[in-house]
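**Q** So here's query32.cif, just mmCIF, C-alpha atoms and all ligand atoms:
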data_structure
loop_
_atom_site.label_atom_id
_atom_site.label_comp_id
_atom_site.auth_asym_id
_atom_site.auth_seq_id
_atom_site.Cartn_x
_atom_site.Cartn_y
_atom_site.Cartn_z
CA MET K 1062 -2.71 9.24 -36.71
CA PHE K 1063 -3.68 9.93 -33.12
CA GLU K 1064 -6.85 11.85 -34.00
CA SER K 1065 -8.51 8.54 -34.89
CA ILE K 1066 -7.96 7.10 -31.41
CA PRO K 1067 -11.26 7.01 -29.49
CA GLU K 1068 -11.40 8.53 -26.00
CA SER K 1069 -9.93 6.09 -23.42
CA LYS K 1070 -11.63 5.27 -20.17
CA PRO K 1071 -9.04 5.42 -17.36
CA ASP K 1072 -8.89 2.67 -14.74
CA ALA K 1073 -11.34 3.65 -11.98
CA ILE K 1074 -9.08 2.52 -9.10
CA LEU K 1075 -6.05 4.44 -10.39
CA GLN K 1076 -8.22 7.49 -11.10
CA LEU K 1077 -9.44 7.42 -7.50
CA MET K 1078 -5.81 7.19 -6.28
CA GLU K 1079 -4.99 10.39 -8.24
CA ALA K 1080 -8.10 12.18 -6.97
CA PHE K 1081 -7.16 11.33 -3.39
CA ARG K 1082 -3.61 12.65 -3.88
CA ALA K 1083 -4.97 15.92 -5.30
CA ASP K 1084 -7.44 16.41 -2.41
CA THR K 1085 -6.05 19.01 0.00
CA ARG K 1086 -8.51 18.41 2.85
CA PRO K 1087 -6.46 17.45 5.94
CA ASN K 1088 -8.96 14.89 7.24
CA LYS K 1089 -9.17 12.89 3.97
CA LEU K 1090 -9.40 9.10 4.22
CA ASP K 1091 -8.25 6.71 1.47
CA LEU K 1092 -10.17 3.43 1.34
CA GLY K 1093 -9.51 3.06 -2.39
CA VAL K 1094 -6.45 1.50 -4.03
CA GLY K 1095 -5.24 -1.81 -2.57
CA VAL K 1096 -2.07 -0.86 -0.76
CA TYR K 1097 -1.41 -1.79 2.85
CA LYS K 1098 -1.38 1.13 5.29
CA ASP K 1099 -0.14 1.35 8.87
CA ALA K 1100 -1.90 3.12 11.76
CA HIS K 1101 -0.59 6.47 10.43
CA GLY K 1102 -1.96 5.89 6.94
CA ASN K 1103 1.54 5.28 5.53
CA THR K 1104 2.75 2.40 3.35
CA PRO K 1105 6.26 1.91 4.74
CA ILE K 1106 8.96 -0.30 3.26
CA MET K 1107 9.07 -3.50 5.33
CA ALA K 1108 12.09 -3.72 7.65
CA ALA K 1109 13.34 -7.03 6.17
CA VAL K 1110 12.99 -5.59 2.65
CA LYS K 1111 14.98 -2.49 3.60
CA LYS K 1112 17.78 -4.69 5.00
CA ALA K 1113 17.79 -6.87 1.89
CA GLU K 1114 18.00 -3.80 -0.34
CA LYS K 1115 20.99 -2.54 1.65
CA LYS K 1116 22.70 -5.92 1.32
CA LEU K 1117 21.96 -5.97 -2.40
CA LEU K 1118 23.42 -2.53 -2.88
CA GLU K 1119 26.61 -3.60 -1.11
CA THR K 1120 27.05 -6.94 -2.86
CA GLN K 1121 25.71 -6.54 -6.40
CA ASP K 1122 28.61 -6.20 -8.81
CA THR K 1123 26.97 -6.08 -12.24
CA LYS K 1124 23.89 -4.76 -13.98
CA SER K 1125 24.37 -6.99 -17.02
CA TYR K 1126 21.32 -8.70 -18.56
CA VAL K 1127 19.78 -11.67 -16.79
CA GLY K 1128 17.32 -13.05 -19.39
CA PRO K 1129 13.58 -13.30 -20.12
CA ILE K 1130 12.87 -15.78 -17.30
CA GLY K 1131 14.57 -13.50 -14.77
CA SER K 1132 16.36 -14.53 -11.61
CA ARG K 1133 16.50 -18.33 -11.21
CA PRO K 1134 17.05 -18.15 -7.42
CA PHE K 1135 13.99 -15.87 -7.12
CA CYS K 1136 11.96 -18.31 -9.22
CA ALA K 1137 13.03 -21.22 -7.00
CA ALA K 1138 12.09 -19.23 -3.88
CA MET K 1139 8.67 -18.43 -5.35
CA ILE K 1140 8.01 -22.08 -6.24
CA ASN K 1141 8.82 -22.91 -2.64
CA GLN K 1142 6.60 -20.16 -1.24
CA VAL K 1143 3.59 -20.98 -3.41
CA PHE K 1144 3.79 -24.78 -3.61
CA GLY K 1145 5.72 -25.60 -0.42
CA ALA K 1146 8.95 -27.50 0.16
CA GLU K 1147 7.20 -30.84 -0.45
CA ALA K 1148 5.94 -29.93 -3.94
CA GLN K 1149 6.70 -32.13 -6.96
CA SER K 1150 8.97 -29.40 -8.29
CA ASP K 1151 10.05 -31.44 -11.33
CA ARG K 1152 6.70 -30.57 -12.96
CA ILE K 1153 6.67 -26.92 -11.79
CA ARG K 1154 8.36 -23.99 -13.54
CA CYS K 1155 8.47 -20.26 -12.87
CA ALA K 1156 9.25 -17.07 -14.75
CA GLN K 1157 9.81 -13.78 -12.98
CA SER K 1158 7.21 -11.22 -14.05
CA ASN K 1159 6.43 -7.50 -13.92
CA GLY K 1160 4.28 -7.77 -10.80
CA GLY K 1161 1.19 -9.95 -10.50
CA THR K 1162 -0.45 -8.16 -13.43
CA GLY K 1163 2.54 -8.91 -15.65
CA ALA K 1164 2.20 -12.58 -14.72
CA LEU K 1165 -1.52 -12.51 -15.56
CA ARG K 1166 -0.78 -11.03 -18.97
CA ILE K 1167 2.08 -13.31 -20.03
CA LEU K 1168 0.16 -16.36 -18.82
CA ALA K 1169 -2.95 -15.20 -20.70
CA ASP K 1170 -0.78 -14.79 -23.83
CA LEU K 1171 0.65 -18.28 -23.31
CA LEU K 1172 -2.83 -19.80 -22.92
CA LYS K 1173 -4.11 -17.96 -25.99
CA ALA K 1174 -1.17 -19.34 -27.98
CA SER K 1175 -1.77 -22.87 -26.65
CA ARG K 1176 -5.56 -22.95 -26.87
CA PRO K 1177 -6.80 -20.14 -29.14
CA ASP K 1178 -10.45 -21.23 -28.98
CA ALA K 1179 -10.74 -21.62 -25.22
CA ALA K 1180 -12.91 -19.17 -23.27
CA ILE K 1181 -11.74 -17.90 -19.90
CA TRP K 1182 -14.31 -17.84 -17.08
CA VAL K 1183 -13.98 -14.97 -14.65
CA SER K 1184 -15.81 -14.38 -11.36
CA ASP K 1185 -18.60 -11.80 -11.35
CA PRO K 1186 -17.49 -9.48 -9.81
CA THR K 1187 -13.73 -9.55 -10.26
CA TRP K 1188 -10.75 -7.19 -10.08
CA PRO K 1189 -11.62 -4.69 -12.84
CA ASN K 1190 -8.18 -4.94 -14.48
CA HIS K 1191 -8.65 -8.67 -15.13
CA ILE K 1192 -10.97 -7.72 -17.97
CA PRO K 1193 -8.59 -5.52 -20.05
CA VAL K 1194 -5.71 -7.94 -19.43
CA ILE K 1195 -7.74 -10.88 -20.75
CA THR K 1196 -9.19 -8.88 -23.62
CA ALA K 1197 -5.73 -7.65 -24.63
CA ALA K 1198 -4.53 -11.25 -24.78
CA GLY K 1199 -7.43 -11.98 -27.16
CA LEU K 1200 -9.12 -14.59 -25.00
CA GLU K 1201 -12.89 -14.87 -25.07
CA MET K 1202 -14.24 -13.98 -21.62
CA LYS K 1203 -17.25 -15.47 -19.85
CA THR K 1204 -18.40 -14.91 -16.28
CA TYR K 1205 -19.53 -17.14 -13.45
CA PRO K 1206 -21.64 -15.79 -10.55
CA TYR K 1207 -19.53 -15.43 -7.44
CA TYR K 1208 -21.09 -13.16 -4.85
CA ASP K 1209 -24.53 -13.23 -3.30
CA THR K 1210 -25.12 -9.60 -2.34
CA ASP K 1211 -28.04 -10.44 -0.04
CA ARG K 1212 -26.02 -12.89 2.07
CA CYS K 1213 -22.68 -11.08 1.50
CA ALA K 1214 -21.16 -14.51 0.85
CA VAL K 1215 -19.96 -16.71 -2.01
CA ASP K 1216 -22.72 -17.88 -4.35
CA PHE K 1217 -21.25 -21.36 -4.59
CA ASP K 1218 -24.24 -22.99 -6.30
CA GLY K 1219 -24.26 -20.23 -8.91
CA LEU K 1220 -20.53 -20.70 -9.48
CA MET K 1221 -20.76 -24.48 -9.87
CA GLY K 1222 -23.82 -24.22 -12.12
CA ALA K 1223 -22.08 -21.82 -14.49
CA LEU K 1224 -18.82 -23.78 -14.62
CA ALA K 1225 -20.77 -26.96 -15.31
CA SER K 1226 -21.78 -25.35 -18.60
CA ALA K 1227 -18.16 -24.57 -19.61
CA ARG K 1228 -16.76 -26.31 -22.66
CA GLU K 1229 -14.02 -28.88 -22.31
CA GLY K 1230 -10.67 -27.09 -22.39
CA ASP K 1231 -12.00 -23.75 -21.13
CA ILE K 1232 -9.95 -21.82 -18.58
CA VAL K 1233 -11.21 -20.85 -15.11
CA LEU K 1234 -9.69 -17.82 -13.40
CA LEU K 1235 -9.90 -18.15 -9.60
CA HIS K 1236 -8.73 -15.78 -6.85
CA GLY K 1237 -6.37 -17.92 -4.73
CA CYS K 1238 -7.32 -16.03 -1.54
CA CYS K 1239 -8.61 -12.59 -0.49
CA HIS K 1240 -11.13 -12.27 -3.33
CA ASN K 1241 -10.86 -8.82 -4.91
CA PRO K 1242 -13.25 -6.93 -4.59
CA THR K 1243 -15.52 -8.88 -2.21
CA GLY K 1244 -13.26 -10.41 0.47
CA ALA K 1245 -15.53 -13.49 0.32
CA ASP K 1246 -13.31 -16.56 -0.02
CA LEU K 1247 -14.09 -20.14 -0.93
CA ASN K 1248 -13.43 -22.71 1.80
CA LEU K 1249 -11.14 -25.68 1.19
CA GLU K 1250 -14.05 -28.05 0.70
CA GLN K 1251 -15.44 -25.80 -2.02
CA TRP K 1252 -12.00 -25.59 -3.64
CA GLY K 1253 -11.98 -29.41 -3.65
CA LYS K 1254 -15.32 -29.49 -5.45
CA ILE K 1255 -14.08 -27.02 -8.07
CA ALA K 1256 -10.95 -29.13 -8.56
CA ASP K 1257 -13.14 -32.21 -9.11
CA LEU K 1258 -15.23 -30.30 -11.65
CA CYS K 1259 -12.07 -29.14 -13.45
CA ALA K 1260 -10.87 -32.77 -13.57
CA THR K 1261 -14.18 -34.15 -14.88
CA LYS K 1262 -14.72 -31.45 -17.47
CA SER K 1263 -11.04 -30.93 -18.39
CA LEU K 1264 -11.14 -27.28 -17.38
CA PHE K 1265 -7.83 -25.47 -17.02
CA PRO K 1266 -7.31 -23.57 -13.71
CA PHE K 1267 -5.64 -20.17 -13.70
CA ILE K 1268 -5.10 -18.94 -10.13
CA ASP K 1269 -4.48 -15.29 -9.29
CA LEU K 1270 -2.55 -15.32 -6.01
CA ALA K 1271 -1.95 -11.64 -5.38
CA TYR K 1272 -2.49 -11.62 -1.61
CA GLN K 1273 -0.74 -14.69 -0.16
CA GLY K 1274 -0.33 -14.09 3.59
CA PHE K 1275 -3.17 -11.57 3.94
CA ALA K 1276 -6.09 -13.96 4.60
CA ASP K 1277 -5.19 -16.68 7.15
CA GLY K 1278 -1.39 -16.86 6.87
CA LEU K 1279 1.27 -17.63 4.25
CA GLU K 1280 0.91 -21.43 4.33
CA GLN K 1281 -2.88 -21.47 4.81
CA ASP K 1282 -3.43 -19.09 1.88
CA ALA K 1283 -1.46 -21.37 -0.43
CA ALA K 1284 -3.51 -24.45 0.51
CA PRO K 1285 -6.07 -24.16 -2.36
CA THR K 1286 -3.31 -23.72 -4.95
CA ARG K 1287 -1.40 -26.70 -3.51
CA LEU K 1288 -4.55 -28.81 -3.53
CA PHE K 1289 -5.08 -27.98 -7.22
CA ALA K 1290 -1.45 -28.85 -8.02
CA GLU K 1291 -1.87 -32.23 -6.29
CA ARG K 1292 -5.16 -33.15 -7.90
CA LEU K 1293 -4.90 -31.73 -11.41
CA PRO K 1294 -2.47 -32.39 -14.24
CA GLU K 1295 -1.97 -28.76 -15.25
CA LEU K 1296 -2.53 -25.22 -13.99
CA VAL K 1297 -0.97 -21.77 -13.97
CA VAL K 1298 -0.59 -19.29 -11.11
CA ALA K 1299 0.06 -15.54 -11.17
CA ALA K 1300 1.75 -14.61 -7.89
CA SER K 1301 2.60 -11.13 -6.66
CA CYS K 1302 5.18 -9.66 -4.28
CA SER K 1303 3.46 -6.26 -4.37
CA LYS K 1304 1.35 -6.80 -1.27
CA ASN K 1305 3.05 -9.37 0.95
CA LEU K 1306 6.52 -7.88 0.44
CA GLY K 1307 5.20 -4.34 -0.07
CA LEU K 1308 7.13 -4.00 -3.34
CA TYR K 1309 4.32 -2.40 -5.34
CA ARG K 1310 6.29 -0.06 -7.58
CA GLU K 1311 9.19 -2.49 -8.04
CA ARG K 1312 6.87 -4.66 -10.17
CA THR K 1313 7.81 -8.05 -8.80
CA GLY K 1314 5.82 -11.20 -9.38
CA ALA K 1315 5.97 -14.73 -10.72
CA ALA K 1316 4.23 -16.69 -13.47
CA LEU K 1317 4.13 -20.31 -12.30
CA LEU K 1318 3.35 -23.34 -14.44
CA VAL K 1319 2.40 -26.82 -13.31
CA ALA K 1320 2.55 -29.41 -16.10
CA GLN K 1321 1.93 -33.14 -16.39
CA ASP K 1322 5.65 -33.91 -16.40
CA SER K 1323 9.05 -32.31 -16.54
CA ASP K 1324 9.31 -32.28 -20.38
CA LYS K 1325 5.95 -30.58 -20.82
CA ALA K 1326 6.86 -28.08 -18.09
CA ASP K 1327 10.11 -27.22 -19.93
CA LYS K 1328 8.23 -26.78 -23.20
CA ALA K 1329 5.69 -24.46 -21.57
CA LEU K 1330 8.43 -22.40 -19.91
CA GLY K 1331 10.27 -22.18 -23.24
CA LYS K 1332 7.17 -20.71 -24.88
CA LEU K 1333 6.64 -18.35 -21.93
CA GLY K 1334 10.21 -17.09 -22.44
CA VAL K 1335 9.34 -16.31 -26.08
CA VAL K 1336 6.16 -14.49 -24.98
CA ILE K 1337 8.21 -12.40 -22.52
CA ARG K 1338 10.94 -11.62 -25.05
CA SER K 1339 8.40 -10.34 -27.56
CA ASN K 1340 6.59 -8.23 -24.94
CA TYR K 1341 9.30 -6.50 -22.88
CA SER K 1342 12.36 -8.70 -23.36
CA MET K 1343 13.23 -9.14 -19.66
CA PRO K 1344 11.78 -8.28 -16.26
CA PRO K 1345 13.29 -5.62 -13.96
CA ASP K 1346 15.78 -6.99 -11.48
CA HIS K 1347 15.76 -5.03 -8.23
CA GLY K 1348 12.50 -6.28 -6.68
CA ALA K 1349 13.15 -9.92 -7.52
CA ASN K 1350 16.69 -9.86 -6.16
CA THR K 1351 15.46 -8.15 -3.00
CA SER K 1352 12.62 -10.66 -2.60
CA ASN K 1353 15.02 -13.53 -3.11
CA LEU K 1354 17.21 -12.29 -0.25
CA VAL K 1355 14.17 -11.95 2.02
CA LEU K 1356 12.80 -15.36 1.08
CA SER K 1357 16.05 -17.30 1.28
CA ASP K 1358 18.01 -15.73 4.15
CA ASP K 1359 16.81 -17.36 7.40
CA ALA K 1360 17.02 -14.25 9.59
CA LEU K 1361 15.43 -11.92 7.02
CA ASN K 1362 12.77 -14.51 6.27
CA GLU K 1363 11.78 -14.79 9.90
CA GLU K 1364 11.67 -11.02 10.34
CA TRP K 1365 9.54 -10.66 7.21
CA ARG K 1366 7.11 -13.40 8.24
CA THR K 1367 6.62 -11.73 11.64
CA GLU K 1368 6.02 -8.36 10.02
CA LEU K 1369 3.60 -9.82 7.46
CA GLU K 1370 1.70 -11.64 10.20
CA SER K 1371 1.32 -8.45 12.22
CA MET K 1372 -0.05 -6.68 9.10
CA ARG K 1373 -2.56 -9.50 8.65
CA GLN K 1374 -3.60 -9.39 12.28
CA ARG K 1375 -4.03 -5.63 12.12
CA MET K 1376 -6.48 -6.04 9.22
CA VAL K 1377 -8.39 -8.69 11.21
CA ARG K 1378 -8.64 -6.26 14.17
CA LEU K 1379 -9.74 -3.41 11.92
CA ARG K 1380 -12.48 -5.60 10.46
CA LYS K 1381 -13.81 -6.34 13.95
CA SER K 1382 -13.69 -2.78 15.15
CA PHE K 1383 -15.32 -1.43 11.94
CA ALA K 1384 -18.14 -3.99 12.17
CA GLU K 1385 -18.70 -3.02 15.83
CA SER K 1386 -18.88 0.67 14.97
CA MET K 1387 -21.27 -0.05 12.09
CA ARG K 1388 -23.43 -2.13 14.43
CA LYS K 1389 -23.68 0.80 16.84
CA ARG K 1390 -24.25 3.49 14.22
CA SER K 1391 -26.63 1.57 11.98
CA ASN K 1392 -28.52 -0.17 14.79
CA SER K 1393 -28.25 -3.43 12.89
CA ASP K 1394 -26.02 -6.45 12.47
CA ARG K 1395 -26.04 -6.25 8.68
CA PHE K 1396 -22.33 -5.37 8.59
CA ASP K 1397 -21.18 -8.34 10.69
CA TYR K 1398 -20.15 -10.16 7.48
CA ILE K 1399 -17.09 -7.90 7.34
CA VAL K 1400 -15.54 -9.78 10.29
CA ASP K 1401 -15.60 -13.11 8.44
CA GLN K 1402 -14.29 -11.85 5.12
CA LYS K 1403 -10.62 -12.09 4.25
CA GLY K 1404 -7.74 -9.89 3.24
CA MET K 1405 -7.68 -6.33 2.14
CA PHE K 1406 -11.16 -5.79 0.73
CA SER K 1407 -14.85 -5.93 1.52
CA ARG K 1408 -17.78 -4.39 -0.23
CA LEU K 1409 -20.26 -2.00 1.38
CA PRO K 1410 -23.83 -1.80 0.06
CA LEU K 1411 -23.39 1.75 -1.28
CA ASN K 1412 -24.62 3.15 -4.57
CA PRO K 1413 -22.54 5.57 -6.71
CA ALA K 1414 -24.46 8.64 -5.42
CA GLN K 1415 -23.76 7.65 -1.79
CA ILE K 1416 -20.08 7.06 -2.63
CA ASP K 1417 -19.91 10.53 -4.22
CA THR K 1418 -21.49 12.10 -1.13
CA LEU K 1419 -18.94 10.41 1.13
CA ARG K 1420 -16.13 11.79 -1.02
CA ASP K 1421 -17.55 15.28 -1.50
CA GLU K 1422 -18.84 15.90 2.01
CA HIS K 1423 -16.58 13.76 4.20
CA ALA K 1424 -13.36 13.33 2.11
CA ILE K 1425 -13.81 9.53 2.31
CA TYR K 1426 -12.59 7.76 -0.84
CA ILE K 1427 -14.26 4.45 -1.75
CA VAL K 1428 -14.15 2.58 -5.11
CA GLY K 1429 -17.36 3.00 -7.17
CA ASP K 1430 -18.62 -0.54 -6.51
CA GLY K 1431 -18.51 -0.01 -2.72
CA ARG K 1432 -15.16 -1.77 -2.24
CA ILE K 1433 -13.16 -0.57 0.76
CA ASN K 1434 -9.51 -1.18 1.56
CA VAL K 1435 -9.71 -2.53 5.11
CA ALA K 1436 -6.08 -1.57 5.81
CA GLY K 1437 -7.06 2.07 5.28
CA LEU K 1438 -9.69 2.05 8.05
CA PRO K 1439 -8.77 4.52 10.80
CA GLU K 1440 -7.87 2.99 14.18
CA GLU K 1441 -8.92 6.26 15.78
CA GLY K 1442 -12.12 7.64 14.37
CA MET K 1443 -13.87 4.42 13.41
CA ASP K 1444 -17.12 5.67 14.96
CA GLU K 1445 -17.00 8.91 12.93
CA LEU K 1446 -16.46 6.89 9.75
CA ALA K 1447 -19.35 4.57 10.62
CA GLU K 1448 -21.50 7.61 11.39
CA ALA K 1449 -20.77 9.12 7.94
CA ILE K 1450 -21.51 5.80 6.18
CA ALA K 1451 -24.69 5.20 8.18
CA GLY K 1452 -25.66 8.79 7.36
CA VAL K 1453 -25.59 8.27 3.58
CA LEU K 1454 -27.32 4.91 3.86
C1 LIG I 1501 -6.28 -2.90 -6.28
O1 LIG I 1501 -7.10 -3.77 -6.60
O2 LIG I 1501 -6.60 -1.81 -5.76
C2 LIG I 1501 -4.81 -3.18 -6.46
O3 LIG I 1501 -4.62 -4.43 -6.96
C3 LIG I 1501 -4.11 -2.11 -7.22
C4 LIG I 1501 -4.45 -2.09 -8.67
O4 LIG I 1501 -3.50 -2.14 -9.47
O5 LIG I 1501 -5.63 -2.02 -9.04
#
Output the file's structure as structure tokens, nothing else.
**A**
Amino acid sequence: MFESIPESKPDAILQLMEAFRADTRPNKLDLGVGVYKDAHGNTPIMAAVKKAEKKLLETQDTKSYVGPIGSRPFCAAMINQVFGAEAQSDRIRCAQSNGGTGALRILADLLKASRPDAAIWVSDPTWPNHIPVITAAGLEMKTYPYYDTDRCAVDFDGLMGALASAREGDIVLLHGCCHNPTGADLNLEQWGKIADLCATKSLFPFIDLAYQGFADGLEQDAAPTRLFAERLPELVVAASCSKNLGLYRERTGAALLVAQDSDKADKALGKLGVVIRSNYSMPPDHGANTSNLVLSDDALNEEWRTELESMRQRMVRLRKSFAESMRKRSNSDRFDYIVDQKGMFSRLPLNPAQIDTLRDEHAIYIVGDGRINVAGLPEEGMDELAEAIAGVL
């Protein structure tokens, strides 16, 4: 049986994570996988999360099944976080998912079941794992240009031109904030234009909101998604608690549905429940219950928001200081774009050979397309890093 299986190509980001772990050089620097790191290079459990876990341990009195949709209080908290307290929640539904990726997959399955002939349009470039998730769901994938590598900014004309050629009923996958891998985000005016195009051409928006709170703040980062929910009859959102609650391995996320009315929303959630049941039956509980405590307890919520905001501000500072060091070491302002980009990632203009040299000679780990995890930049030693990068350029 297994001898007929062709060789599999492992995920490049996860492969890099393993290679970094196996590297014994003491001065190694991980700018690869998208996990937040503090000034010591650690990814600690957030203080509010730790308190919520303690509370959960003390108060939870059963491990009995919950159900395919998961924790209803968690789902309500996620609707509130993504769409705001003012949202028309009668047309919004949520299912707890196995992280943001789990939400992407079950929503892709739902869309395939609802509209088997629709193509899904994905930004070029995009998070590499979008492609296998979409392919596994059986959706036809098309790409729209997203990033102008000369300007290091969004290629908005290219994007609009490509989407104008989409067929009625096609799906458009958009990064809600903190575009992965480029860090180049659309502004609200551009989001408005895409929403208008979706309305005119009956395109179906699918928003990947994996980094809410990492770009400009929790509320600000939800603004594009909220604008879409106000202006369009239907959309879906894959939200993640991996980054903003630091729950990576707990696999906590939410698949959110906005429908024309309450009946259609119920029908869509019913089908999503069937999709979940046939995939993995039910989501894991711990991360969602922990998140719910953090999101709904006033004191924990405030502590978490403060902590999240300081993580965001640290990444903003690291962007500035890295761009300054690159300016000094490269004698040019060509890296200034890094200051304006958002969230955890930016792309450096490095080719695979230069990336290999940085890893082999300097123990610096960067994803093969030049993507760096800004949170991994060293507060001390920024000049040495910039020197090594300028050296290979
Ligand atoms: C990343 O892009 O590095 C993260 O989202 C982690 C992953 O699963 O790829």
**Q** Check which residues fall inside 12 Å of ligand LIG 1501 (chain I) when counting only C-alpha atoms and all ligand atoms, and print them as a tab-separated table (two decimals) with C-alpha atoms, in the frame of the given file.
**A**
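Heads up, here's the output in selection_35.tsv:
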chain	number	residue	atom	x	y	z
K	1071	PRO	CA	-9.04	5.42	-17.36
K	1072	ASP	CA	-8.89	2.67	-14.74
K	1073	ALA	CA	-11.34	3.65	-11.98
K	1074	ILE	CA	-9.08	2.52	-9.10
K	1075	LEU	CA	-6.05	4.44	-10.39
K	1076	GLN	CA	-8.22	7.49	-11.10
K	1077	LEU	CA	-9.44	7.42	-7.50
K	1078	MET	CA	-5.81	7.19	-6.28
K	1091	ASP	CA	-8.25	6.71	1.47
K	1092	LEU	CA	-10.17	3.43	1.34
K	1093	GLY	CA	-9.51	3.06	-2.39
K	1094	VAL	CA	-6.45	1.50	-4.03
K	1095	GLY	CA	-5.24	-1.81	-2.57
K	1096	VAL	CA	-2.07	-0.86	-0.76
K	1097	TYR	CA	-1.41	-1.79	2.85
K	1160	GLY	CA	4.28	-7.77	-10.80
K	1161	GLY	CA	1.19	-9.95	-10.50
K	1162	THR	CA	-0.45	-8.16	-13.43
K	1163	GLY	CA	2.54	-8.91	-15.65
K	1187	THR	CA	-13.73	-9.55	-10.26
K	1188	TRP	CA	-10.75	-7.19	-10.08
K	1189	PRO	CA	-11.62	-4.69	-12.84
K	1190	ASN	CA	-8.18	-4.94	-14.48
K	1191	HIS	CA	-8.65	-8.67	-15.13
K	1192	ILE	CA	-10.97	-7.72	-17.97
K	1193	PRO	CA	-8.59	-5.52	-20.05
K	1194	VAL	CA	-5.71	-7.94	-19.43
K	1239	CYS	CA	-8.61	-12.59	-0.49
K	1240	HIS	CA	-11.13	-12.27	-3.33
K	1241	ASN	CA	-10.86	-8.82	-4.91
K	1242	PRO	CA	-13.25	-6.93	-4.59
K	1243	THR	CA	-15.52	-8.88	-2.21
K	1244	GLY	CA	-13.26	-10.41	0.47
K	1269	ASP	CA	-4.48	-15.29	-9.29
K	1270	LEU	CA	-2.55	-15.32	-6.01
K	1271	ALA	CA	-1.95	-11.64	-5.38
K	1272	TYR	CA	-2.49	-11.62	-1.61
K	1301	SER	CA	2.60	-11.13	-6.66
K	1302	CYS	CA	5.18	-9.66	-4.28
K	1303	SER	CA	3.46	-6.26	-4.37
K	1304	LYS	CA	1.35	-6.80	-1.27
K	1307	GLY	CA	5.20	-4.34	-0.07
K	1309	TYR	CA	4.32	-2.40	-5.34
K	1310	ARG	CA	6.29	-0.06	-7.58
K	1312	ARG	CA	6.87	-4.66	-10.17
K	1404	GLY	CA	-7.74	-9.89	3.24
K	1405	MET	CA	-7.68	-6.33	2.14
K	1406	PHE	CA	-11.16	-5.79	0.73
K	1407	SER	CA	-14.85	-5.93	1.52
K	1427	ILE	CA	-14.26	4.45	-1.75
K	1428	VAL	CA	-14.15	2.58	-5.11
K	1429	GLY	CA	-17.36	3.00	-7.17
K	1430	ASP	CA	-18.62	-0.54	-6.51
K	1432	ARG	CA	-15.16	-1.77	-2.24
K	1433	ILE	CA	-13.16	-0.57	0.76
K	1434	ASN	CA	-9.51	-1.18	1.56
K	1435	VAL	CA	-9.71	-2.53	5.11
K	1436	ALA	CA	-6.08	-1.57	5.81
K	1437	GLY	CA	-7.06	2.07	5.28
**Q** What is the distance, in Å and to one decimal place, between CA of Asn1159 (chain K) and CA of Glu1291 (chain K)?
**A** 27.2 Å
**Q** (-18.2, -12.4, 9.8) in this file's frame - what residues fall within 10 Å of it? Use all atoms listed in the file and give the answer as a list in words.
**A**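 It turns out the residues near that spot are Cys1213, Ala1214, Ala1245, Arg1380, Lys1381, Ala1384, Phe1396, Asp1397, Tyr1398, Ile1399, Val1400, Asp1401, Gln1402 and Lys1403 of chain K.
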**Q** CA of Pro1413 (chain K) and CA of Leu1454 (chain K) are how many Å apart?
**A**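 Going from CA of Pro1413 (chain K) over to CA of Leu1454 (chain K) covers 11.6 Å.
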**Q** For a test of reading the model, state the distance in Å between CA of His1236 (chain K) and CA of Ala1108 (chain K), rounded to one decimal.
**A** 28.1 Å
**Q** Calculated over all atoms listed in the file, which of the candidates K:Thr1367, K:Asn1141, K:Ser1386, K:Gln1415 has the smallest distance to Ile1153 (chain K)?
**A**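 Closest candidate: K:Asn1141.
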**Q** Can you tell me which residues surround region 1132-1138 of chain K at a distance of at most 6 Å, considering only C-alpha atoms, apart from same-chain residues fewer than 2 positions away, and format the answer as a list in words?
**A**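 Residues near the query, excluding close chain neighbours: Ile1140, Asn1141, Cys1155 and Asn1353 of chain K.
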**Q** With region 1317-1337 of chain K as the partner and 12 Å as the cut-off, tabulate the residues of region 1238-1268 of chain K that qualify, each row holding the nearest pair of atoms and their distance in Å to one decimal, using all atoms listed in the file, sorted by chain and rising number, as a Markdown table.
**A**
| residue | atom | partner | partner_atom | distance |
| --- | --- | --- | --- | --- |
| K:Phe1265 | CA | K:Val1319 | CA | 11.0 |
| K:Pro1266 | CA | K:Val1319 | CA | 10.2 |
| K:Phe1267 | CA | K:Leu1318 | CA | 9.6 |
| K:Ile1268 | CA | K:Leu1317 | CA | 9.6 |
**Q** Please provide the set of residues having any atom within 10 Å of Glu1114 (chain K), restricted to all atoms listed in the file, with same-chain residues fewer than 6 positions apart removed, written as a VMD selection string.
**A** chain K and resid 1108 1120 1347 to 1348 1350 to 1352 1354 to 1355
**Q** Of the residues K:Leu1258, K:Leu1293, K:Ile1181, K:Ala1276, which is the one nearest to Thr1196 (chain K), using all atoms listed in the file?
**A**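 The closest residue to Thr1196 (chain K) is K:Ile1181.
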**Q** Return as JSON the centre and edge lengths, in Å with one decimal, of the box along x, y and z that encloses every atom of region 1288-1297 of chain K in the file, padded by 3 Å per side.
**A**
{"center_x": -3.1, "center_y": -27.5, "center_z": -9.4, "size_x": 10.2, "size_y": 17.4, "size_z": 17.7}
**Q** Considering only C-alpha atoms, state which residue in the set K:Ala1148, K:Ile1130, K:Met1372, K:Leu1306 is at the smallest distance from Met1107 (chain K).
**A**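 The answer is K:Leu1306, which sits nearest to Met1107 (chain K).
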**Q** Using only C-alpha atoms, can you tell me which of K:Ser1342, K:Gly1131, K:Glu1385, K:Gly1452 comes closest to Thr1313 (chain K)?
**A**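 Of K:Ser1342, K:Gly1131, K:Glu1385, K:Gly1452, the one nearest Thr1313 (chain K) is K:Gly1131, counting only C-alpha atoms.
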